[in-house]
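Quick look at model-v2.tsv (TSV, N, CA and C atoms):
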```tsv
chain	number	residue	atom	x	y	z
A	237	MET	N	74.02	149.15	143.66
A	237	MET	CA	73.67	150.44	144.21
A	237	MET	C	72.26	150.87	143.76
A	238	LEU	N	71.88	150.52	142.52
A	238	LEU	CA	70.53	150.87	142.06
A	238	LEU	C	69.48	150.12	142.88
A	239	TRP	N	69.80	148.88	143.22
A	239	TRP	CA	68.87	148.11	144.04
A	239	TRP	C	68.71	148.75	145.42
A	240	LYS	N	69.82	149.18	146.00
A	240	LYS	CA	69.76	149.84	147.31
A	240	LYS	C	68.93	151.12	147.23
A	241	ALA	N	69.12	151.91	146.17
A	241	ALA	CA	68.33	153.13	145.98
A	241	ALA	C	66.85	152.79	145.85
A	242	THR	N	66.55	151.71	145.13
A	242	THR	CA	65.15	151.29	144.96
A	242	THR	C	64.54	150.89	146.30
A	243	ILE	N	65.29	150.15	147.08
A	243	ILE	CA	64.80	149.74	148.41
A	243	ILE	C	64.56	150.97	149.29
A	244	LEU	N	65.49	151.92	149.26
A	244	LEU	CA	65.32	153.13	150.08
A	244	LEU	C	64.12	153.95	149.63
A	245	VAL	N	63.97	154.12	148.33
A	245	VAL	CA	62.83	154.89	147.80
A	245	VAL	C	61.52	154.20	148.15
A	246	SER	N	61.53	152.88	148.22
A	246	SER	CA	60.30	152.16	148.53
A	246	SER	C	59.78	152.50	149.93
A	247	GLY	N	60.60	153.19	150.73
A	247	GLY	CA	60.14	153.67	152.03
A	247	GLY	C	58.99	154.66	151.92
A	248	GLY	N	58.78	155.21	150.74
A	248	GLY	CA	57.67	156.13	150.50
A	248	GLY	C	56.48	155.48	149.83
A	249	ARG	N	56.57	154.17	149.63
A	249	ARG	CA	55.49	153.47	148.94
A	249	ARG	C	54.15	153.57	149.67
A	250	ARG	N	54.21	153.48	150.98
A	250	ARG	CA	52.97	153.57	151.78
A	250	ARG	C	52.27	154.91	151.53
A	251	VAL	N	53.05	155.99	151.48
A	251	VAL	CA	52.48	157.32	151.23
A	251	VAL	C	51.84	157.35	149.84
A	252	SER	N	52.55	156.86	148.83
A	252	SER	CA	51.99	156.92	147.49
A	252	SER	C	50.74	156.05	147.36
A	253	GLU	N	50.71	154.92	148.04
A	253	GLU	CA	49.50	154.08	148.01
A	253	GLU	C	48.31	154.79	148.65
A	254	MET	N	48.55	155.49	149.75
A	254	MET	CA	47.46	156.23	150.41
A	254	MET	C	47.03	157.41	149.55
A	255	MET	N	47.99	158.14	149.00
A	255	MET	CA	47.67	159.34	148.24
A	255	MET	C	46.99	159.03	146.91
A	256	PHE	N	47.29	157.87	146.34
A	256	PHE	CA	46.67	157.50	145.07
A	256	PHE	C	45.16	157.39	145.19
A	257	ARG	N	44.69	157.12	146.40
A	257	ARG	CA	43.25	156.96	146.64
A	257	ARG	C	42.54	158.29	146.96
A	258	VAL	N	43.30	159.34	147.14
A	258	VAL	CA	42.74	160.63	147.53
A	258	VAL	C	42.04	161.29	146.32
A	259	LYS	N	40.88	161.83	146.57
A	259	LYS	CA	40.15	162.58	145.54
A	259	LYS	C	40.65	164.02	145.59
A	260	ALA	N	41.66	164.31	144.77
A	260	ALA	CA	42.35	165.60	144.82
A	260	ALA	C	41.40	166.79	144.63
A	261	GLU	N	40.45	166.65	143.74
A	261	GLU	CA	39.55	167.78	143.48
A	261	GLU	C	38.73	168.16	144.71
A	262	ILE	N	38.39	167.19	145.53
A	262	ILE	CA	37.63	167.46	146.76
A	262	ILE	C	38.55	168.05	147.83
A	263	VAL	N	39.73	167.45	147.99
A	263	VAL	CA	40.68	167.94	148.99
A	263	VAL	C	41.11	169.36	148.67
A	264	ASP	N	41.38	169.64	147.40
A	264	ASP	CA	41.82	170.98	146.99
A	264	ASP	C	40.84	172.08	147.42
A	265	LYS	N	39.57	171.77	147.41
A	265	LYS	CA	38.55	172.77	147.76
A	265	LYS	C	38.53	173.08	149.26
A	266	ASN	N	39.03	172.14	150.10
A	266	ASN	CA	38.86	172.28	151.54
A	266	ASN	C	40.14	172.36	152.36
A	267	VAL	N	41.25	171.92	151.81
A	267	VAL	CA	42.46	171.75	152.62
A	267	VAL	C	43.02	173.07	153.15
A	268	ASP	N	42.79	174.17	152.46
A	268	ASP	CA	43.34	175.46	152.92
A	268	ASP	C	42.67	175.97	154.18
A	269	LYS	N	41.45	175.51	154.46
A	269	LYS	CA	40.72	176.01	155.64
A	269	LYS	C	40.37	174.93	156.66
A	270	ASP	N	40.76	173.69	156.40
A	270	ASP	CA	40.41	172.58	157.29
A	270	ASP	C	41.66	172.04	157.98
A	271	GLU	N	41.85	172.44	159.23
A	271	GLU	CA	43.05	172.04	159.98
A	271	GLU	C	43.09	170.53	160.25
A	272	LYS	N	41.93	169.92	160.43
A	272	LYS	CA	41.90	168.47	160.65
A	272	LYS	C	42.36	167.73	159.39
A	273	LEU	N	41.98	168.22	158.25
A	273	LEU	CA	42.41	167.63	156.99
A	273	LEU	C	43.93	167.79	156.82
A	274	GLN	N	44.43	168.96	157.18
A	274	GLN	CA	45.88	169.19	157.12
A	274	GLN	C	46.62	168.24	158.07
A	275	LEU	N	46.07	168.03	159.24
A	275	LEU	CA	46.67	167.11	160.20
A	275	LEU	C	46.67	165.68	159.68
A	276	PHE	N	45.59	165.31	159.01
A	276	PHE	CA	45.50	163.98	158.39
A	276	PHE	C	46.62	163.79	157.38
A	277	PHE	N	46.88	164.81	156.55
A	277	PHE	CA	47.94	164.69	155.55
A	277	PHE	C	49.33	164.80	156.18
A	278	LYS	N	49.42	165.45	157.31
A	278	LYS	CA	50.69	165.46	158.03
A	278	LYS	C	51.03	164.04	158.48
A	279	PHE	N	50.02	163.33	158.95
A	279	PHE	CA	50.22	161.93	159.34
A	279	PHE	C	50.67	161.10	158.14
A	280	ILE	N	50.01	161.29	157.01
A	280	ILE	CA	50.37	160.52	155.81
A	280	ILE	C	51.79	160.86	155.36
A	281	ALA	N	52.10	162.14	155.25
A	281	ALA	CA	53.44	162.55	154.80
A	281	ALA	C	54.52	162.04	155.75
A	282	GLY	N	54.19	161.95	157.02
A	282	GLY	CA	55.15	161.49	158.02
A	282	GLY	C	55.48	160.01	157.93
A	283	GLN	N	54.75	159.27	157.11
A	283	GLN	CA	55.00	157.84	156.95
A	283	GLN	C	56.28	157.56	156.16
A	284	ALA	N	56.79	158.58	155.46
A	284	ALA	CA	58.01	158.41	154.66
A	284	ALA	C	59.17	159.12	155.33
A	285	ASP	N	60.25	158.42	155.49
A	285	ASP	CA	61.49	159.00	156.01
A	285	ASP	C	62.29	159.52	154.80
A	286	THR	N	62.02	160.75	154.42
A	286	THR	CA	62.62	161.28	153.19
A	286	THR	C	64.14	161.42	153.28
A	287	GLU	N	64.66	161.62	154.46
A	287	GLU	CA	66.12	161.68	154.60
A	287	GLU	C	66.74	160.33	154.29
A	288	LYS	N	66.17	159.28	154.83
A	288	LYS	CA	66.68	157.93	154.58
A	288	LYS	C	66.50	157.58	153.10
A	289	MET	N	65.38	157.98	152.53
A	289	MET	CA	65.11	157.68	151.13
A	289	MET	C	66.13	158.33	150.20
A	290	SER	N	66.75	159.40	150.66
A	290	SER	CA	67.71	160.15	149.84
A	290	SER	C	69.16	159.79	150.11
A	291	GLU	N	69.41	158.77	150.91
A	291	GLU	CA	70.78	158.42	151.29
A	291	GLU	C	71.65	158.01	150.11
A	292	VAL	N	71.07	157.41	149.11
A	292	VAL	CA	71.85	156.96	147.95
A	292	VAL	C	71.50	157.82	146.75
A	293	ASN	N	72.52	158.33	146.09
A	293	ASN	CA	72.33	159.11	144.87
A	293	ASN	C	72.42	158.16	143.69
A	294	ALA	N	71.28	157.71	143.20
A	294	ALA	CA	71.25	156.73	142.12
A	294	ALA	C	71.80	157.28	140.81
A	295	GLU	N	71.82	158.60	140.68
A	295	GLU	CA	72.37	159.21	139.45
A	295	GLU	C	73.81	158.77	139.21
A	296	LEU	N	74.56	158.45	140.26
A	296	LEU	CA	75.95	158.06	140.11
A	296	LEU	C	76.11	156.73	139.37
A	297	ILE	N	75.10	155.90	139.46
A	297	ILE	CA	75.19	154.59	138.80
A	297	ILE	C	74.51	154.57	137.44
A	298	ARG	N	73.80	155.61	137.11
A	298	ARG	CA	73.04	155.65	135.86
A	298	ARG	C	73.85	155.24	134.62
A	299	PRO	N	75.10	155.69	134.45
A	299	PRO	CA	75.85	155.29	133.25
A	299	PRO	C	76.15	153.79	133.18
A	300	PHE	N	75.99	153.08	134.28
A	300	PHE	CA	76.39	151.68	134.33
A	300	PHE	C	75.23	150.70	134.31
A	301	VAL	N	74.01	151.18	134.14
A	301	VAL	CA	72.85	150.30	134.07
A	301	VAL	C	72.17	150.47	132.71
A	302	THR	N	71.38	149.49	132.35
A	302	THR	CA	70.70	149.56	131.06
A	302	THR	C	69.66	150.68	131.06
A	303	LYS	N	69.30	151.12	129.87
A	303	LYS	CA	68.28	152.17	129.76
A	303	LYS	C	66.95	151.71	130.34
A	304	SER	N	66.61	150.46	130.11
A	304	SER	CA	65.33	149.98	130.62
A	304	SER	C	65.34	149.90	132.15
A	305	ALA	N	66.45	149.45	132.74
A	305	ALA	CA	66.54	149.40	134.21
A	305	ALA	C	66.41	150.80	134.79
A	306	TRP	N	67.11	151.75	134.18
A	306	TRP	CA	67.04	153.12	134.68
A	306	TRP	C	65.64	153.69	134.51
A	307	SER	N	65.01	153.41	133.39
A	307	SER	CA	63.66	153.92	133.14
A	307	SER	C	62.66	153.43	134.18
A	308	TYR	N	62.75	152.14	134.51
A	308	TYR	CA	61.84	151.61	135.53
A	308	TYR	C	62.11	152.22	136.90
A	309	TYR	N	63.38	152.37	137.24
A	309	TYR	CA	63.72	153.01	138.52
A	309	TYR	C	63.20	154.45	138.54
A	310	GLU	N	63.45	155.18	137.48
A	310	GLU	CA	63.05	156.59	137.40
A	310	GLU	C	61.53	156.73	137.51
A	311	ALA	N	60.80	155.85	136.84
A	311	ALA	CA	59.33	155.89	136.91
A	311	ALA	C	58.87	155.61	138.34
A	312	TYR	N	59.45	154.60	138.96
A	312	TYR	CA	59.07	154.22	140.33
A	312	TYR	C	59.32	155.36	141.31
A	313	GLN	N	60.51	155.93	141.26
A	313	GLN	CA	60.82	156.99	142.22
A	313	GLN	C	60.05	158.27	141.91
A	314	THR	N	59.74	158.52	140.66
A	314	THR	CA	58.94	159.70	140.29
A	314	THR	C	57.55	159.62	140.91
A	315	ILE	N	56.93	158.47	140.80
A	315	ILE	CA	55.59	158.28	141.36
A	315	ILE	C	55.62	158.47	142.88
A	316	ILE	N	56.55	157.84	143.53
A	316	ILE	CA	56.62	157.91	145.00
A	316	ILE	C	56.88	159.35	145.46
A	317	TRP	N	57.87	160.01	144.87
A	317	TRP	CA	58.19	161.38	145.30
A	317	TRP	C	57.06	162.36	144.96
A	318	HIS	N	56.36	162.12	143.87
A	318	HIS	CA	55.23	162.99	143.52
A	318	HIS	C	54.17	162.96	144.63
A	319	PHE	N	53.82	161.77	145.07
A	319	PHE	CA	52.77	161.67	146.08
A	319	PHE	C	53.24	162.13	147.46
A	320	ILE	N	54.52	162.00	147.75
A	320	ILE	CA	55.04	162.56	149.00
A	320	ILE	C	54.94	164.09	148.94
A	321	ALA	N	55.30	164.66	147.81
A	321	ALA	CA	55.19	166.12	147.65
A	321	ALA	C	53.74	166.57	147.77
A	322	GLN	N	52.83	165.81	147.18
A	322	GLN	CA	51.41	166.16	147.25
A	322	GLN	C	50.91	166.13	148.70
A	323	ALA	N	51.27	165.09	149.44
A	323	ALA	CA	50.86	165.00	150.85
A	323	ALA	C	51.42	166.16	151.66
A	324	THR	N	52.66	166.54	151.37
A	324	THR	CA	53.30	167.65	152.08
A	324	THR	C	52.61	168.98	151.76
A	325	LEU	N	52.24	169.18	150.51
A	325	LEU	CA	51.51	170.40	150.14
A	325	LEU	C	50.16	170.45	150.86
A	326	TYR	N	49.46	169.33	150.89
A	326	TYR	CA	48.18	169.28	151.60
A	326	TYR	C	48.36	169.53	153.09
A	327	GLU	N	49.41	168.99	153.64
A	327	GLU	CA	49.71	169.19	155.06
A	327	GLU	C	49.84	170.68	155.37
A	328	LYS	N	50.41	171.43	154.44
A	328	LYS	CA	50.62	172.86	154.64
A	328	LYS	C	49.43	173.70	154.18
A	329	GLY	N	48.37	173.03	153.74
A	329	GLY	CA	47.16	173.72	153.31
A	329	GLY	C	47.27	174.38	151.96
A	330	LEU	N	48.23	173.96	151.15
A	330	LEU	CA	48.47	174.62	149.87
A	330	LEU	C	47.70	174.04	148.70
A	331	GLY	N	47.10	172.91	148.88
A	331	GLY	CA	46.37	172.31	147.78
A	331	GLY	C	47.30	171.73	146.73
A	332	ASN	N	46.72	171.39	145.62
A	332	ASN	CA	47.44	170.67	144.58
A	332	ASN	C	47.80	171.57	143.40
A	333	LYS	N	47.85	172.87	143.61
A	333	LYS	CA	48.09	173.79	142.50
A	333	LYS	C	49.51	173.72	141.93
A	334	PHE	N	50.43	173.12	142.65
A	334	PHE	CA	51.81	173.06	142.18
A	334	PHE	C	52.15	171.74	141.50
A	335	LEU	N	51.25	170.77	141.58
A	335	LEU	CA	51.50	169.44	141.00
A	335	LEU	C	50.38	169.06	140.05
A	336	ASN	N	50.73	168.31	139.02
A	336	ASN	CA	49.74	167.81	138.09
A	336	ASN	C	49.90	166.30	138.00
A	337	THR	N	49.06	165.57	138.70
A	337	THR	CA	49.18	164.12	138.75
A	337	THR	C	48.98	163.49	137.38
A	338	GLU	N	48.02	163.97	136.62
A	338	GLU	CA	47.78	163.41	135.28
A	338	GLU	C	49.01	163.59	134.38
A	339	GLN	N	49.65	164.73	134.47
A	339	GLN	CA	50.85	164.98	133.68
A	339	GLN	C	51.98	164.04	134.13
A	340	MET	N	52.12	163.84	135.43
A	340	MET	CA	53.14	162.93	135.94
A	340	MET	C	52.91	161.52	135.42
A	341	ILE	N	51.66	161.08	135.42
A	341	ILE	CA	51.34	159.73	134.94
A	341	ILE	C	51.70	159.61	133.46
A	342	GLN	N	51.41	160.62	132.68
A	342	GLN	CA	51.73	160.59	131.25
A	342	GLN	C	53.24	160.55	131.02
A	343	VAL	N	53.99	161.32	131.79
A	343	VAL	CA	55.45	161.31	131.67
A	343	VAL	C	56.00	159.93	132.01
A	344	VAL	N	55.48	159.32	133.07
A	344	VAL	CA	55.94	157.98	133.47
A	344	VAL	C	55.61	156.97	132.38
A	345	LYS	N	54.40	157.03	131.84
A	345	LYS	CA	54.01	156.11	130.77
A	345	LYS	C	54.95	156.24	129.57
A	346	ASN	N	55.30	157.47	129.23
A	346	ASN	CA	56.14	157.70	128.05
A	346	ASN	C	57.61	157.38	128.27
A	347	SER	N	58.02	157.21	129.51
A	347	SER	CA	59.44	156.99	129.77
A	347	SER	C	59.79	155.55	130.10
A	348	THR	N	58.81	154.66	130.10
A	348	THR	CA	59.10	153.27	130.39
A	348	THR	C	59.34	152.49	129.10
A	349	PRO	N	60.05	151.39	129.17
A	349	PRO	CA	60.35	150.61	127.96
A	349	PRO	C	59.12	150.20	127.17
A	350	ALA	N	58.00	149.99	127.84
A	350	ALA	CA	56.77	149.58	127.13
A	350	ALA	C	56.30	150.63	126.13
A	351	SER	N	56.66	151.89	126.37
A	351	SER	CA	56.23	152.96	125.46
A	351	SER	C	57.05	152.99	124.18
A	352	GLY	N	58.22	152.37	124.23
A	352	GLY	CA	59.11	152.39	123.07
A	352	GLY	C	59.87	153.68	122.90
A	353	ARG	N	59.84	154.54	123.92
A	353	ARG	CA	60.48	155.86	123.84
A	353	ARG	C	61.58	156.03	124.87
A	354	LEU	N	62.47	155.12	124.97
A	354	LEU	CA	63.55	155.27	125.94
A	354	LEU	C	64.46	156.42	125.55
A	355	TYR	N	64.85	157.19	126.55
A	355	TYR	CA	65.72	158.34	126.27
A	355	TYR	C	67.16	157.93	126.29
```

As structure tokens:
Amino acid sequence: MLWKATILVSGGRRVSEMMFRVKAEIVDKNVDKDEKLQLFFKFIAGQADTEKMSEVNAELIRPFVTKSAWSYYEAYQTIIWHFIAQATLYEKGLGNKFLNTEQMIQVVKNSTPASGRLY
């Protein structure tokens, strides 16, 4: 079931790959007044079928997988959902004031087995 959840979440990988290249500080200054920019992010956000990505509740299997397996899954889905949320905020002209990408990256780094801090 964790593998199925991973495959479904990977449906947002294209969005996260596109959003990772975005210069947030530049977009933030213009997205609230630039309808073409908002339309561009609507296209990007639309690349992920969020309903399909949410079909499996991976939390149900969490007690049955290793901490390291769960940590890698959690990091992967956190990154993907973060960038989908960012694209959706840009689509609505709201900018990046509700998300902190640097903080998300730090949380992901600290929660993977390589950090030595498994919860």

Please determine, counting all atoms listed in the file, which residue among A:Lys269, A:Lys345, A:Lys288, A:Lys303 has the shortest atom-to-atom distance to Gly329 (chain A).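 Residue with the minimum atom-to-atom distance to Gly329 (chain A): A:Lys269.
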
Under the rule that all atoms listed in the file are counted, which of A:Leu238, A:Ala323, A:Ile243, A:Val292 is the nearest residue to Phe279 (chain A)? A:Ala323

Point-to-point distance in Å for CA of Gln342 (chain A) and CA of Trp306 (chain A):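 Atom-to-atom, CA of Trp306 (chain A) to CA of Gln342 (chain A), that is 17.4 Å.
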
Of the candidates A:Val245, A:Met340, A:Asp270, A:Arg298, which one gets nearest to His318 (chain A) if we count only C-alpha atoms?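 Selected residue with least distance to His318 (chain A): A:Met340.
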
CA of Asn293 (chain A) to CA of Phe256 (chain A), distance in Å rounded to a single decimal: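 A separation of 25.7 Å between them.
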
Grab the CA of Asn346 (chain A) to CA of Phe334 (chain A) distance for me, in Å with one decimal place.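 Interatomic distance, CA of Asn346 (chain A) to CA of Phe334 (chain A): 21.3 Å.
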
Given only C-alpha atoms as the counted atoms, nearest of A:Ala260, A:Leu275, A:Ile315, A:Ala305 to Val343 (chain A):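 Closest to Val343 (chain A) of all the choices is A:Ile315.
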
Write down as a ChimeraX atom specification the residues belonging to region 289-350 of chain A that are assigned alpha helix (DSSP H) by DSSP computed on the backbone. /A:289,303-327,337-347

Go through A:Ser290, A:Ala321, A:Leu335, A:Leu330 one by one, measure the shortest atom-to-atom distance of each to Asp268 (chain A) using all atoms listed in the file, and give the residue with the smallest value.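 Smallest separation from Asp268 (chain A) among the options: A:Leu330.
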
Would you please work out which residue, of A:Gly248, A:Leu296, A:Pro349, A:Ser307, is nearest to Ile320 (chain A) when using all atoms listed in the file?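 Closest to Ile320 (chain A) of all the choices is A:Gly248.
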